$ cat upload_21.csv   # CSV, C-alpha atoms and all ligand atoms
chain,number,residue,atom,x,y,z
A,1,MET,CA,1.1,8.1,26.7
A,2,ALA,CA,3.7,6.0,25.1
A,3,LEU,CA,7.3,7.1,25.8
A,4,THR,CA,8.5,6.1,22.3
A,5,PRO,CA,6.5,7.0,19.2
A,6,PRO,CA,4.4,4.1,17.8
A,7,ARG,CA,6.2,1.9,15.3
A,8,ILE,CA,4.7,0.6,12.2
A,9,VAL,CA,6.2,-2.7,11.0
A,10,THR,CA,5.5,-3.7,7.4
A,11,LEU,CA,5.6,-7.2,5.9
A,12,THR,CA,6.4,-7.7,2.2
A,13,LEU,CA,6.8,-11.2,1.0
A,14,ASN,CA,7.2,-10.3,-2.7
A,15,PRO,CA,9.0,-7.0,-2.9
A,16,ALA,CA,10.4,-5.4,-6.1
A,17,VAL,CA,12.8,-3.0,-7.5
A,18,ASP,CA,10.6,-0.5,-9.4
A,19,PHE,CA,11.8,1.1,-12.6
A,20,VAL,CA,9.8,3.9,-14.1
A,21,SER,CA,10.6,5.7,-17.3
A,22,THR,CA,8.9,7.6,-20.1
A,23,ALA,CA,8.8,7.0,-23.8
A,24,PRO,CA,7.3,9.2,-26.6
A,25,ALA,CA,5.0,6.4,-27.8
A,26,LEU,CA,4.8,2.6,-27.3
A,27,GLY,CA,4.7,0.1,-30.2
A,28,ALA,CA,5.9,-3.3,-31.1
A,29,THR,CA,9.2,-4.4,-32.6
A,30,HIS,CA,11.2,-1.2,-32.8
A,31,LYS,CA,13.4,-0.2,-29.9
A,32,ILE,CA,11.6,2.2,-27.6
A,33,ARG,CA,14.0,4.8,-26.2
A,34,THR,CA,13.0,5.8,-22.7
A,35,HIS,CA,14.1,8.8,-20.7
A,36,ASP,CA,13.4,10.3,-17.2
A,37,GLU,CA,14.3,7.0,-15.5
A,38,HIS,CA,13.5,6.5,-11.8
A,39,VAL,CA,14.2,3.6,-9.6
A,40,ASP,CA,12.5,3.0,-6.3
A,41,PRO,CA,12.3,0.3,-3.7
A,42,GLY,CA,8.9,-1.3,-4.3
A,43,GLY,CA,6.3,-3.8,-3.1
A,44,GLY,CA,3.3,-3.0,-1.0
A,45,GLY,CA,4.8,-3.1,2.5
A,46,VAL,CA,8.1,-1.6,1.4
A,47,ASN,CA,6.2,1.4,-0.1
A,48,VAL,CA,4.1,1.8,3.1
A,49,ALA,CA,7.3,1.9,5.2
A,50,ARG,CA,8.9,4.4,2.8
A,51,VAL,CA,5.9,6.7,3.1
A,52,VAL,CA,5.6,6.3,6.9
A,53,HIS,CA,9.3,7.3,7.1
A,54,ALA,CA,8.8,10.2,4.7
A,55,LEU,CA,6.0,11.5,7.0
A,56,GLY,CA,8.2,11.4,10.1
A,57,GLY,CA,6.9,8.1,11.5
A,58,GLU,CA,8.8,5.2,13.1
A,59,THR,CA,8.9,2.1,10.8
A,60,LEU,CA,10.6,-1.1,10.0
A,61,ALA,CA,10.2,-2.8,6.6
A,62,VAL,CA,10.4,-6.6,7.0
A,63,PHE,CA,10.7,-8.3,3.6
A,64,ALA,CA,11.9,-11.5,1.9
A,65,ALA,CA,14.5,-10.8,-0.8
A,66,GLY,CA,17.4,-12.4,-2.6
A,67,GLY,CA,20.0,-12.2,-5.3
A,68,VAL,CA,21.6,-9.1,-6.6
A,69,THR,CA,18.2,-7.4,-7.0
A,70,GLY,CA,17.5,-8.1,-3.4
A,71,ARG,CA,20.7,-6.4,-2.4
A,72,PHE,CA,19.8,-3.6,-4.7
A,73,LEU,CA,16.5,-3.2,-2.9
A,74,GLY,CA,18.4,-3.0,0.4
A,75,GLU,CA,20.8,-0.4,-1.0
A,76,LEU,CA,17.9,1.8,-2.2
A,77,LEU,CA,16.2,1.6,1.2
A,78,GLN,CA,19.5,2.5,2.9
A,79,GLU,CA,19.9,5.5,0.6
A,80,ALA,CA,16.4,6.5,1.6
A,81,GLY,CA,17.2,6.0,5.3
A,82,VAL,CA,14.3,3.5,5.8
A,83,PRO,CA,15.0,0.9,8.5
A,84,TYR,CA,14.6,-2.6,7.2
A,85,HIS,CA,15.1,-6.3,8.1
A,86,CYS,CA,15.7,-8.6,5.1
A,87,VAL,CA,14.9,-12.3,5.4
A,88,PRO,CA,17.2,-13.8,2.8
A,89,ILE,CA,15.8,-16.1,0.1
A,90,ALA,CA,17.5,-18.2,-2.6
A,91,GLY,CA,15.5,-16.6,-5.5
A,92,ARG,CA,16.2,-13.2,-7.1
A,93,THR,CA,13.9,-10.4,-6.2
A,94,ARG,CA,11.7,-9.2,-9.1
A,95,VAL,CA,12.1,-6.0,-11.1
A,96,SER,CA,8.9,-4.2,-12.0
A,97,PHE,CA,8.8,-1.9,-15.0
A,98,THR,CA,6.5,1.0,-15.7
A,99,VAL,CA,6.6,3.1,-18.8
A,100,ARG,CA,4.7,6.3,-19.2
A,101,GLU,CA,3.6,7.1,-22.8
A,102,GLU,CA,4.1,10.8,-23.3
A,103,THR,CA,1.6,11.2,-26.2
A,104,THR,CA,-1.3,9.7,-24.3
A,105,GLY,CA,-0.2,10.1,-20.6
A,106,ARG,CA,-1.0,6.4,-20.2
A,107,GLU,CA,1.0,4.2,-17.9
A,108,TYR,CA,1.9,0.6,-18.8
A,109,ARG,CA,2.8,-1.4,-15.8
A,110,PHE,CA,4.7,-4.7,-16.1
A,111,VAL,CA,4.8,-6.7,-12.9
A,112,PRO,CA,6.6,-10.0,-12.9
A,113,GLU,CA,5.4,-12.8,-10.6
A,114,GLY,CA,8.8,-12.9,-8.7
A,115,PRO,CA,10.6,-15.8,-7.1
A,116,ALA,CA,9.0,-18.7,-5.3
A,117,LEU,CA,9.6,-19.0,-1.6
A,118,SER,CA,10.5,-22.3,0.0
A,119,ASP,CA,8.7,-23.5,3.2
A,120,ALA,CA,11.7,-22.6,5.3
A,121,GLU,CA,11.8,-19.1,3.7
A,122,TRP,CA,8.2,-18.0,4.3
A,123,ARG,CA,8.3,-19.5,7.8
A,124,CYS,CA,11.4,-17.4,8.5
A,125,ALA,CA,9.6,-14.3,7.2
A,126,LEU,CA,6.7,-14.9,9.5
A,127,ALA,CA,8.9,-15.7,12.4
A,128,ALA,CA,10.7,-12.3,11.9
A,129,LEU,CA,7.5,-10.5,13.0
A,130,PRO,CA,7.3,-11.5,16.7
A,131,ALA,CA,11.0,-10.7,16.9
A,132,VAL,CA,10.5,-7.0,16.4
A,133,ALA,CA,8.5,-4.5,18.4
A,134,GLY,CA,5.8,-2.4,16.9
A,135,GLU,CA,2.2,-1.3,17.6
A,136,TYR,CA,1.0,-1.8,14.0
A,137,VAL,CA,1.8,-4.6,11.6
A,138,VAL,CA,0.9,-3.8,8.0
A,139,ALA,CA,1.0,-6.8,5.6
A,140,SER,CA,0.8,-5.7,2.0
A,141,GLY,CA,1.2,-7.1,-1.4
A,142,SER,CA,0.7,-10.3,-3.4
A,143,LEU,CA,2.0,-13.6,-2.2
A,144,PRO,CA,5.0,-15.2,-3.9
A,145,ARG,CA,4.5,-18.5,-5.6
A,146,GLU,CA,4.4,-21.5,-3.3
A,147,VAL,CA,3.4,-19.5,-0.2
A,148,PRO,CA,0.2,-20.9,1.4
A,149,VAL,CA,-2.8,-18.5,1.0
A,150,GLY,CA,-3.3,-18.7,4.8
A,151,ILE,CA,-0.1,-16.9,5.6
A,152,TYR,CA,-1.7,-13.5,6.2
A,153,ALA,CA,-4.3,-15.1,8.5
A,154,GLU,CA,-1.4,-16.5,10.5
A,155,ALA,CA,0.3,-13.1,10.6
A,156,ALA,CA,-3.0,-11.5,11.7
A,157,ARG,CA,-3.4,-14.1,14.5
A,158,LEU,CA,0.2,-13.6,15.6
A,159,ALA,CA,-0.3,-9.8,15.7
A,160,ALA,CA,-3.5,-10.1,17.7
A,161,SER,CA,-1.9,-12.5,20.2
A,162,ARG,CA,0.8,-9.8,20.8
A,163,GLY,CA,-1.8,-7.0,21.1
A,164,GLN,CA,-0.7,-5.4,17.8
A,165,ALA,CA,-3.1,-3.8,15.4
A,166,PHE,CA,-3.0,-5.7,12.0
A,167,VAL,CA,-3.6,-4.0,8.7
A,168,LEU,CA,-4.0,-5.9,5.5
A,169,ASP,CA,-3.8,-4.8,1.8
A,170,THR,CA,-3.8,-7.7,-0.5
A,171,SER,CA,-6.1,-9.4,-3.1
A,172,GLY,CA,-7.6,-12.7,-4.2
A,173,GLU,CA,-7.4,-15.8,-2.1
A,174,ALA,CA,-4.8,-14.4,0.3
A,175,LEU,CA,-7.3,-11.7,1.2
A,176,ARG,CA,-10.3,-14.0,1.5
A,177,ALA,CA,-8.3,-16.5,3.7
A,178,ALA,CA,-7.4,-13.7,6.2
A,179,LEU,CA,-10.8,-12.4,6.9
A,180,GLY,CA,-12.0,-12.9,10.4
A,181,HIS,CA,-8.6,-13.6,11.9
A,182,GLY,CA,-8.0,-10.3,13.7
A,183,ILE,CA,-7.7,-7.6,11.1
A,184,THR,CA,-7.9,-4.1,12.5
A,185,LEU,CA,-8.0,-2.4,9.1
A,186,LEU,CA,-8.5,-3.9,5.7
A,187,LYS,CA,-7.8,-1.9,2.6
A,188,PRO,CA,-9.2,-3.3,-0.6
A,189,SER,CA,-9.3,-1.1,-3.7
A,190,LEU,CA,-12.8,-1.2,-5.3
A,191,ARG,CA,-11.5,-3.8,-7.8
A,192,GLU,CA,-10.3,-6.0,-5.0
A,193,LEU,CA,-13.6,-5.6,-3.2
A,194,GLU,CA,-15.5,-6.5,-6.3
A,195,THR,CA,-13.4,-9.7,-6.8
A,196,LEU,CA,-14.0,-10.6,-3.2
A,197,VAL,CA,-17.8,-10.3,-3.3
A,198,GLY,CA,-18.0,-11.7,-6.9
A,199,ARG,CA,-19.8,-8.8,-8.6
A,200,ALA,CA,-19.3,-5.4,-10.0
A,201,LEU,CA,-20.2,-2.5,-7.6
A,202,PRO,CA,-20.8,0.6,-9.7
A,203,ASP,CA,-23.4,1.9,-7.3
A,204,PRO,CA,-22.1,3.8,-4.3
A,205,ALA,CA,-24.8,2.4,-2.0
A,206,ALA,CA,-23.8,-1.2,-3.0
A,207,GLN,CA,-20.1,-0.4,-2.3
A,208,GLU,CA,-21.0,0.9,1.1
A,209,ALA,CA,-23.3,-2.0,1.9
A,210,GLU,CA,-20.6,-4.5,1.0
A,211,ALA,CA,-17.9,-2.7,3.1
A,212,LEU,CA,-20.3,-2.5,6.1
A,213,ALA,CA,-21.2,-6.2,5.7
A,214,LEU,CA,-17.6,-7.1,6.1
A,215,VAL,CA,-17.4,-5.2,9.3
A,216,HIS,CA,-20.7,-6.7,10.6
A,217,ALA,CA,-19.5,-10.2,9.7
A,218,GLY,CA,-16.4,-9.7,11.8
A,219,ALA,CA,-14.1,-9.9,8.8
A,220,ALA,CA,-12.2,-6.8,9.9
A,221,ARG,CA,-12.8,-4.0,12.5
A,222,MET,CA,-12.5,-1.3,9.8
A,223,VAL,CA,-12.7,-1.5,6.0
A,224,VAL,CA,-11.4,1.3,3.9
A,225,VAL,CA,-12.2,0.9,0.2
A,226,THR,CA,-10.1,3.1,-2.1
A,227,LEU,CA,-11.9,4.2,-5.2
A,228,GLY,CA,-9.2,5.8,-7.3
A,229,MET,CA,-10.2,9.3,-8.4
A,230,ALA,CA,-13.5,8.9,-6.5
A,231,GLY,CA,-11.7,8.9,-3.2
A,232,ALA,CA,-12.5,6.3,-0.5
A,233,ILE,CA,-15.1,5.0,1.9
A,234,LEU,CA,-14.5,3.8,5.4
A,235,ALA,CA,-16.8,1.3,7.1
A,236,SER,CA,-16.7,0.7,10.9
A,237,GLU,CA,-19.0,-0.2,13.7
A,238,THR,CA,-20.1,3.5,13.7
A,239,GLY,CA,-21.2,3.4,10.1
A,240,ILE,CA,-19.9,4.7,6.8
A,241,LEU,CA,-17.8,7.7,5.8
A,242,ARG,CA,-17.5,8.6,2.1
A,243,ARG,CA,-14.9,11.1,1.0
A,244,PRO,CA,-14.1,12.4,-2.5
A,245,ALA,CA,-10.4,12.6,-3.5
A,246,PRO,CA,-8.9,16.1,-3.5
A,247,GLU,CA,-8.2,17.4,-7.0
A,248,ALA,CA,-4.8,16.4,-8.1
A,249,GLU,CA,-2.7,16.3,-11.2
A,250,VAL,CA,-2.3,12.7,-12.2
A,251,HIS,CA,1.2,11.7,-13.2
A,252,SER,CA,1.7,8.2,-11.8
A,253,ALA,CA,-0.8,6.0,-9.9
A,254,VAL,CA,2.0,3.5,-8.9
A,255,GLY,CA,1.9,3.1,-5.2
A,256,ALA,CA,-1.0,5.5,-4.6
A,257,GLY,CA,-2.9,3.0,-2.5
A,258,ASP,CA,0.3,2.3,-0.5
A,259,ALA,CA,0.8,6.0,0.2
A,260,PHE,CA,-2.8,6.3,1.2
A,261,LEU,CA,-2.5,3.4,3.6
A,262,ALA,CA,0.7,4.6,5.1
A,263,ALA,CA,-0.6,8.0,6.0
A,264,MET,CA,-3.9,6.6,7.3
A,265,VAL,CA,-2.2,4.0,9.5
A,266,LEU,CA,0.4,6.5,10.8
A,267,ALA,CA,-2.5,8.9,11.7
A,268,LEU,CA,-4.3,6.1,13.5
A,269,ALA,CA,-1.1,5.0,15.3
A,270,ARG,CA,-0.7,8.6,16.5
A,271,GLY,CA,-4.2,8.5,17.9
A,272,ALA,CA,-6.2,10.3,15.2
A,273,ALA,CA,-9.9,9.7,14.8
A,274,PRO,CA,-10.8,7.4,11.9
A,275,GLU,CA,-12.3,10.3,9.9
A,276,GLU,CA,-9.1,12.3,10.3
A,277,ALA,CA,-7.0,9.3,9.4
A,278,LEU,CA,-9.1,9.0,6.2
A,279,ASP,CA,-8.2,12.5,5.3
A,280,TRP,CA,-4.5,11.9,5.9
A,281,GLY,CA,-4.8,8.9,3.5
A,282,LEU,CA,-6.6,11.0,0.8
A,283,ALA,CA,-4.0,13.8,1.2
A,284,ALA,CA,-1.1,11.3,0.7
A,285,GLY,CA,-2.8,9.6,-2.2
A,286,ALA,CA,-3.1,12.9,-4.0
A,287,VAL,CA,0.5,13.7,-3.4
A,288,ALA,CA,1.6,10.3,-4.6
A,289,ILE,CA,-0.2,10.4,-7.9
A,290,ALA,CA,1.1,13.9,-8.6
A,291,GLY,CA,4.7,12.6,-8.5
A,292,ILE,CA,6.6,10.4,-10.9
A,293,GLY,CA,8.1,7.2,-9.4
A,294,THR,CA,6.6,4.8,-6.8
A,295,ALA,CA,4.8,6.4,-3.9
A,296,ARG,CA,7.1,9.4,-3.6
A,297,VAL,CA,5.7,11.8,-1.2
A,298,GLU,CA,7.0,14.9,0.6
A,299,ARG,CA,5.9,15.4,4.2
A,300,SER,CA,5.2,19.1,3.7
A,301,ALA,CA,3.0,18.5,0.6
A,302,VAL,CA,0.9,15.9,2.5
A,303,GLU,CA,0.5,18.2,5.5
A,304,HIS,CA,-0.5,21.0,3.3
A,305,GLY,CA,-3.0,18.8,1.5
A,306,TYR,CA,-4.4,17.5,4.8
A,307,ASN,CA,-4.8,21.1,6.2
A,308,ALA,CA,-6.5,22.2,2.9
A,309,LEU,CA,-8.9,19.2,3.1
A,310,ARG,CA,-9.8,19.9,6.8
A,311,ALA,CA,-10.4,23.5,6.0
A,312,SER,CA,-12.7,22.7,3.1
A,313,ARG,CA,-14.7,20.3,5.3
A,314,ALA,CA,-15.0,23.0,8.0
A,315,ALA,CA,-16.4,25.3,5.4
A,316,ARG,CA,-18.8,22.7,4.1
A,317,PRO,CA,-19.7,20.5,7.2
A,318,ALA,CA,-22.8,19.0,5.6
A,319,GLN,CA,-20.8,16.9,3.1
B,401,LIG,N1,-6.9,9.5,-10.6
B,401,LIG,C1,-6.8,9.8,-9.3
B,401,LIG,N2,-7.2,11.1,-8.9
B,401,LIG,C2,-7.2,11.4,-7.6
B,401,LIG,N3,-6.8,10.6,-6.6
B,401,LIG,C3,-6.4,9.4,-6.9
B,401,LIG,C4,-6.4,8.9,-8.2
B,401,LIG,N4,-6.0,7.6,-8.2
B,401,LIG,C5,-5.7,7.3,-6.9
B,401,LIG,N5,-6.0,8.4,-6.1
B,401,LIG,C6,-5.8,8.4,-4.7
B,401,LIG,O1,-5.1,7.3,-4.2
B,401,LIG,C7,-5.9,6.4,-3.4
B,401,LIG,C8,-5.7,5.0,-3.7
B,401,LIG,O2,-5.9,4.7,-5.1
B,401,LIG,P1,-6.6,3.4,-5.6
B,401,LIG,O3,-8.0,3.4,-5.2
B,401,LIG,O4,-6.4,3.3,-7.1
B,401,LIG,O5,-5.9,2.2,-4.8
B,401,LIG,P2,-4.7,1.2,-5.2
B,401,LIG,O6,-4.5,0.4,-4.0
B,401,LIG,O7,-3.6,2.0,-5.8
B,401,LIG,O8,-5.4,0.4,-6.4
B,401,LIG,P3,-5.0,-1.1,-6.9
B,401,LIG,O9,-4.3,-1.8,-5.7
B,401,LIG,O10,-6.3,-1.7,-7.3
B,401,LIG,O11,-4.0,-0.9,-8.0
B,401,LIG,C9,-7.4,6.8,-3.7
B,401,LIG,O12,-8.2,6.6,-2.7
B,401,LIG,C10,-7.2,8.3,-4.0
B,401,LIG,O13,-7.1,9.0,-2.7
B,402,MG,MG,-3.6,-1.5,-3.9
$ encode --input "upload_21.csv" --output "structure tokens"
Amino acid sequence: MALTPPRIVTLTLNPAVDFVSTAPALGATHKIRTHDEHVDPGGGGVNVARVVHALGGETLAVFAAGGVTGRFLGELLQEAGVPYHCVPIAGRTRVSFTVREETTGREYRFVPEGPALSDAEWRCALAALPAVAGEYVVASGSLPREVPVGIYAEAARLAASRGQAFVLDTSGEALRAALGHGITLLKPSLRELETLVGRALPDPAAQEAEALALVHAGAARMVVVTLGMAGAILASETGILRRPAPEAEVHSAVGAGDAFLAAMVLALARGAAPEEALDWGLAAGAVAIAGIGTARVERSAVEHGYNALRASRAARPAQ
């Protein structure tokens, strides 16, 4: 057994400062007064690190950030007690803005593209990975402008060469380019899987077939497809698992996928079986959507949700 707990290193090339607020109703032209403002450190890997930390895991968030907003991001992480390593860039880190419309409960999410990274900057971010120890590397989020689409493939190869497990949550060309380069766990949402395979997948059997096909083609060792309120499926060499999402009040879906992934990876890193890790992911996803703000989860709520899920499975083993 390892003497130190496993560490989960995350990589975020395009992080954000996430503002969330609420307005009675949205409409053009007139000022929209908002209230109940929250600000969180954001971006895929940053969220994963925050949730791993909240769940009592060891983590390090590696990200590329710059400007006053980059320093703001660092300050927010410091406040949250999340260990991080910032690769400085010349551009200013983006600010994402989500507004909840009270009358409808709808969420409007504005996500800027963020600063471009120079060659030297993205190379520095990549070079930061081998410089830190960790059993898992989780690369998550969109690529900044001017970063080559093959960067996650390179990160996957680097991780594999160091004996680290590599987890990827991204979309589009960056996702496609990384397949087959040593991915331990791939987490597309259903939308991302549909884009990858080039067709809509409304049929559960087709979703499962496509996830399994990725495993069989060697694209990744495990593929977990998150299905929003329908839960998730996990494809591996041993077959397919499909799990519904536990009932949860929906307040904000921002970062639900990141919370799901963080809890699942932490469970795997601690030696859980894949089906247990899947339940940890579902429990964390449910807690994340019940809260306001980005991927805010409390450890006790996730543990409670996980125990409830396991108890319900034990009561209905045929599912
Ligand atoms: N409306 C919902 N009701 C219950 N659980 C949900 C809901 N939305 C999300 N979840 C939980 O969060 C997990 C991740 O959500 P989702 O599939 O939307 O992924 P995502 O990565 O946030 O999506 P995307 O990257 O496409 O925005 C789901 O598998 C589920 O466990
Ligand atoms: Mg996602």
$ closest_residue --input "upload_21.csv" --among "A:Thr98, A:Ala177, A:Gly257, A:Ala127" --to "Val111 of chain A" --atoms "all atoms listed in the file"
A:Thr98
$ closest_residue --input "upload_21.csv" --among "A:Lys187, A:Arg92, A:Arg71, A:Arg157" --to "ligand MG 402 (chain B)" --atoms "all atoms listed in the file"
A:Lys187
$ residues_near_ligand --input "upload_21.csv" --ligand "ligand LIG 401 (chain B)" --cutoff "8 Å" --atoms "all atoms listed in the file" --output "NGL selection string"
:A and (169-170 or 187-192 or 225-232 or 244-250 or 253-260 or 281-286 or 288-289)
$ closest_residue --input "upload_21.csv" --among "A:Gly114, A:Gly56, A:Gly91, A:Gly45" --to "ligand MG 402 (chain B)" --atoms "all atoms listed in the file"
A:Gly45
$ residues_near_point --input "upload_21.csv" --point "(16.3, -0.4, 5.6)" --cutoff "10 Å" --atoms "only C-alpha atoms" --output "PDB file with C-alpha atoms, in the frame of the given file"
ATOM      1  CA  VAL A  46       8.100  -1.600   1.400  1.00  0.00           C
ATOM      2  CA  ALA A  49       7.300   1.900   5.200  1.00  0.00           C
ATOM      3  CA  ARG A  50       8.900   4.400   2.800  1.00  0.00           C
ATOM      4  CA  THR A  59       8.900   2.100  10.800  1.00  0.00           C
ATOM      5  CA  LEU A  60      10.600  -1.100  10.000  1.00  0.00           C
ATOM      6  CA  ALA A  61      10.200  -2.800   6.600  1.00  0.00           C
ATOM      7  CA  VAL A  62      10.400  -6.600   7.000  1.00  0.00           C
ATOM      8  CA  PHE A  63      10.700  -8.300   3.600  1.00  0.00           C
ATOM      9  CA  LEU A  73      16.500  -3.200  -2.900  1.00  0.00           C
ATOM     10  CA  GLY A  74      18.400  -3.000   0.400  1.00  0.00           C
ATOM     11  CA  GLU A  75      20.800  -0.400  -1.000  1.00  0.00           C
ATOM     12  CA  LEU A  76      17.900   1.800  -2.200  1.00  0.00           C
ATOM     13  CA  LEU A  77      16.200   1.600   1.200  1.00  0.00           C
ATOM     14  CA  GLN A  78      19.500   2.500   2.900  1.00  0.00           C
ATOM     15  CA  GLU A  79      19.900   5.500   0.600  1.00  0.00           C
ATOM     16  CA  ALA A  80      16.400   6.500   1.600  1.00  0.00           C
ATOM     17  CA  GLY A  81      17.200   6.000   5.300  1.00  0.00           C
ATOM     18  CA  VAL A  82      14.300   3.500   5.800  1.00  0.00           C
ATOM     19  CA  PRO A  83      15.000   0.900   8.500  1.00  0.00           C
ATOM     20  CA  TYR A  84      14.600  -2.600   7.200  1.00  0.00           C
ATOM     21  CA  HIS A  85      15.100  -6.300   8.100  1.00  0.00           C
ATOM     22  CA  CYS A  86      15.700  -8.600   5.100  1.00  0.00           C
TER      23      CYS A  86
END
$ residues_around --input "upload_21.csv" --residues "Glu101 of chain A" --least-positions-apart "4" --cutoff "8 Å" --atoms "all atoms listed in the file" --output "JSON, numbers by chain"
{"A": [22, 23, 24, 25, 26, 105, 106, 107, 108]}
$ residues_around --input "upload_21.csv" --residues "Arg270 of chain A" --least-positions-apart "3" --cutoff "8 Å" --atoms "only C-alpha atoms" --output "PyMOL selection string"
chain A and resi 5-6+266-267
$ atom_distance --input "upload_21.csv" --atom1 "atom CA of Arg145 of chain A" --atom2 "atom CA of Leu185 of chain A"
25.1 Å
$ atom_distance --input "upload_21.csv" --atom1 "atom CA of Leu179 of chain A" --atom2 "atom CA of Ala16 of chain A"
25.8 Å
